[in-house]
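Single-structure report; data block below.
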Amino acid sequence: MDGSTYTEDTWSVAGRTFRSRLIVGTGKYKDYAQNAAAAEAAGAEIVTVALRRVNLSDPSQPMLADYVKPDRFTYLPNTAGCYTGEDAVRTLRLAREAGGWDLVKLEVLSQTAHLLPDMEETLRALKLLVADGFHVMVYCSDDPVYARKLEDAGAAAIMPAAAPIGSGRGIQNFLNLGLIIEQTKIPVLVDAGVGTASDAVVSMEMGCDAVMTNTAIAEAKDPVRMARAMKHAVIAGREAYLAGRMGKRMYADPSSPLSGLI
């Protein structure tokens with residue numbers, strides 16, 4: 001793409017098109033007001049909603065929808081806190097009944113300290129949800145073999161973990177993530193483990209379609225400023241990817257010619 005003939009760069013999932021390539025969460029913030037301010041600063045169009053952890057229905061308590069407006073953001077219900085396929089499927093069916101959501105994020109965690117996905121349960125739940133008419137973005141391990149299985153089973157997007165949830169360690173396995181990006185025909189989004197803006201830049205430079213982050217923003221000393229940093233990081237990384245980086249060399253290659261010097 002020639003920068004002089006720039007056209008709007010968008011991405012699509014399950015037939016829906018978005019301009020922002022940064023997805024933010026709705027957990028761990030001081031309150032819903034801070035969450036909303038961060039989502040706005042991030043320029044996000046999609047927010048994930050942990051159905052078991054946010055208030056969507058009790059008007060006697062602060063409600064997410066009063067701050068993070070559903071007419072401004074696309075809600076992406078997720079199954080955070082689910083450890084079996086049955087729990088995940090039940091949770092998303094209830095979400096569809098309550099809010100009409102059919103674009104959802106599936107995560108089925110292992111009951112371990114690292115909370116990495118239980119991929120056997122994840123794949124089983126995905127097949128049930130696809131058969132039930134859901135469009136499913138799937139949180140998964142950075143395993144290219146399982147990523148292919150998820151795509152073949154009808155996933156709408158693949159969301160490999162860069163590192164364990166909330167660890168802030170950034171991408172730990174560049175080889176596997178690169179293989180997933182190379183082989184996958186549906187959107188690939190880095191999900192979990194992003195710690196700061198540079199992690200988002202690198203994810204996008206590798207060719208990811210988008211980045212999902214929650215803790216990196218919510219636990220920053222200034223969440224709104226970090227959200228703004230993430231917005232610019234994702235844009236910069238995407239632009240660098242589209243521009244095509246220079247090749248890496250073993251030795252120097254001077255910027256100015258060495259011949260004809262005075």
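If you're wondering about the labels, chains in the structure tokens are A, B, ... by order shown, residues count from 1 in each chain, ligands from 1 in order shown.
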
### Task
For Asp199 of chain A, work out the shell of residues within 9 Å, counting only C-alpha atoms and skipping chain neighbours fewer than 3 positions away, then give it as a ChimeraX atom specification.
/A:168-171,193-196,202-204,233

task = Please identify which residues in segment 22-256 of chain A DSSP calls alpha helix (DSSP H) from the backbone, and express them as JSON, numbers by chain.
result = {"A": [32, 33, 34, 35, 36, 37, 38, 39, 40, 41, 42, 85, 86, 87, 88, 89, 90, 91, 92, 93, 94, 95, 96, 97, 98, 99, 119, 120, 121, 122, 123, 124, 125, 126, 127, 128, 129, 130, 131, 144, 145, 146, 147, 148, 149, 150, 151, 152, 174, 175, 176, 177, 178, 179, 180, 181, 182, 183, 197, 198, 199, 200, 201, 202, 203, 204, 205, 215, 216, 217, 218, 223, 224, 225, 226, 227, 228, 229, 230, 231, 232, 233, 234, 235, 236, 237, 238, 239, 240, 241, 242, 243]}

Any chance you could tabulate, as CSV, the residues of segment 185-237 of chain A at most 6 Å from segment 158-167 of chain A with each one's nearest atom pair and distance in Å to one decimal, using only C-alpha atoms, in chain and rising number order?
residue,atom,partner,partner_atom,distance
A:Val188,CA,A:Ile158,CA,4.9
A:Leu189,CA,A:Met159,CA,4.7
A:Val190,CA,A:Met159,CA,5.5
A:Asp191,CA,A:Ala161,CA,4.9
A:Ala192,CA,A:Ile165,CA,4.7
A:Gly193,CA,A:Ala163,CA,4.3
A:Thr215,CA,A:Gly166,CA,5.6

Near segment 9-20 of chain A, 12 Å: segment 73-150 of chain A residue rows, closest pairs, only C-alpha atoms, as CSV:
residue,atom,partner,partner_atom,distance
A:Phe73,CA,A:Phe18,CA,10.8
A:Thr74,CA,A:Phe18,CA,9.8
A:Leu76,CA,A:Val13,CA,11.8
A:Asp102,CA,A:Ala14,CA,9.8
A:Leu103,CA,A:Ala14,CA,7.5
A:Val104,CA,A:Ala14,CA,10.3
A:Lys105,CA,A:Val13,CA,11.9
A:Val130,CA,A:Ala14,CA,11.9
A:Gly133,CA,A:Ala14,CA,11.5
A:Phe134,CA,A:Ala14,CA,9.7
A:His135,CA,A:Ala14,CA,6.3
A:Val136,CA,A:Ala14,CA,8.4
A:Met137,CA,A:Val13,CA,8.6

Just C-alpha atoms for this one: save the residues we selected as a PDB file, in the first residue's frame.
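Below is the file that was written, selection28.pdb:
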ATOM      1  CA  PHE A  73     -19.205  -0.517  21.700  1.00  0.00           C
ATOM      2  CA  THR A  74     -19.782  -4.031  20.394  1.00  0.00           C
ATOM      3  CA  LEU A  76     -18.112  -9.544  23.041  1.00  0.00           C
ATOM      4  CA  ASP A 102     -24.181 -14.417  18.862  1.00  0.00           C
ATOM      5  CA  LEU A 103     -20.625 -13.117  18.317  1.00  0.00           C
ATOM      6  CA  VAL A 104     -18.872 -14.461  21.400  1.00  0.00           C
ATOM      7  CA  LYS A 105     -15.473 -15.266  22.844  1.00  0.00           C
ATOM      8  CA  VAL A 130     -20.966 -23.567  16.113  1.00  0.00           C
ATOM      9  CA  GLY A 133     -25.426 -20.930  15.494  1.00  0.00           C
ATOM     10  CA  PHE A 134     -22.812 -18.924  17.398  1.00  0.00           C
ATOM     11  CA  HIS A 135     -19.902 -17.056  15.782  1.00  0.00           C
ATOM     12  CA  VAL A 136     -17.030 -17.957  18.066  1.00  0.00           C
ATOM     13  CA  MET A 137     -13.719 -16.190  18.608  1.00  0.00           C
TER      14      MET A 137
END

For Arg72 of chain A, find every residue with an atom within 10 Å (counting only C-alpha atoms), except residues of its own chain fewer than 4 positions away, and show them as a PyMOL selection string.
chain A and resi 40+44-46+68

I need the chosen residues saved as a short mmCIF file (atom, residue, chain, number, x, y, z; two decimals), in the first residue's frame, with N, CA and C atoms.
data_model
loop_
_atom_site.label_atom_id
_atom_site.label_comp_id
_atom_site.auth_asym_id
_atom_site.auth_seq_id
_atom_site.Cartn_x
_atom_site.Cartn_y
_atom_site.Cartn_z
N GLU A 40 -12.63 4.45 25.67
CA GLU A 40 -12.69 5.59 24.75
C GLU A 40 -11.29 6.01 24.32
N ALA A 44 -11.27 1.83 21.06
CA ALA A 44 -11.79 0.48 20.83
C ALA A 44 -13.23 0.53 20.31
N GLU A 45 -13.57 -0.47 19.52
CA GLU A 45 -14.95 -0.66 19.07
C GLU A 45 -15.56 -1.91 19.68
N ILE A 46 -14.71 -2.82 20.16
CA ILE A 46 -15.16 -4.06 20.79
C ILE A 46 -14.64 -4.10 22.22
N VAL A 68 -20.11 1.88 29.82
CA VAL A 68 -19.60 1.38 28.54
C VAL A 68 -20.83 1.08 27.69
#

(message) For the strand (DSSP E) assignment from backbone DSSP, which residues of segment 85-205 of chain A qualify? Please present them as a PyMOL selection string.
(response) chain A and resi 103-106+135-140+157-160+189-191

Exercise. Quick one: pull the distance between atom CA of Met230 of chain A and atom CA of Ala197 of chain A, Å, one decimal.
Key: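 Between atom CA of Met230 of chain A and atom CA of Ala197 of chain A the gap is 5.1 Å.
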
Using only C-alpha atoms, which of the listed residues (A:Asn173, A:Ser256, A:Val201, A:Glu219) sits closest to Glu239 of chain A?
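Looking at the shortest contact to Glu239 of chain A, the residue is A:Val201.
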
> Could you name the residues that touch segment 88-94 of chain A at 7 Å or less, counting only C-alpha atoms, but leaving out those on the same chain fewer than 5 positions away, as a list in words?
Replying inline: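 So, after excluding close chain neighbours, the residues are Thr79, Cys82, Val108, Ala125 and Leu129 of chain A.
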
Within 10 Å of segment 48-55 of chain A, which residues of segment 140-223 of chain A come that close, and what is the closest atom pair and distance in Å for each? Count only C-alpha atoms and give it as CSV.
residue,atom,partner,partner_atom,distance
A:Met212,CA,A:Thr48,CA,8.8
A:Thr213,CA,A:Thr48,CA,9.5
A:Asn214,CA,A:Thr48,CA,8.9

Can you write just those residues out, N, CA and C atoms, as an mmCIF file, in the first residue's frame?
data_model
loop_
_atom_site.group_PDB
_atom_site.id
_atom_site.type_symbol
_atom_site.label_atom_id
_atom_site.label_comp_id
_atom_site.auth_asym_id
_atom_site.auth_seq_id
_atom_site.Cartn_x
_atom_site.Cartn_y
_atom_site.Cartn_z
ATOM 1 N N MET A 212 -5.873 -8.060 21.777
ATOM 2 C CA MET A 212 -6.800 -7.975 22.908
ATOM 3 C C MET A 212 -5.987 -7.772 24.183
ATOM 4 N N THR A 213 -6.358 -6.780 24.982
ATOM 5 C CA THR A 213 -5.667 -6.589 26.255
ATOM 6 C C THR A 213 -6.610 -6.051 27.305
ATOM 7 N N ASN A 214 -6.403 -6.486 28.532
ATOM 8 C CA ASN A 214 -7.198 -6.001 29.654
ATOM 9 C C ASN A 214 -6.290 -5.567 30.804
#
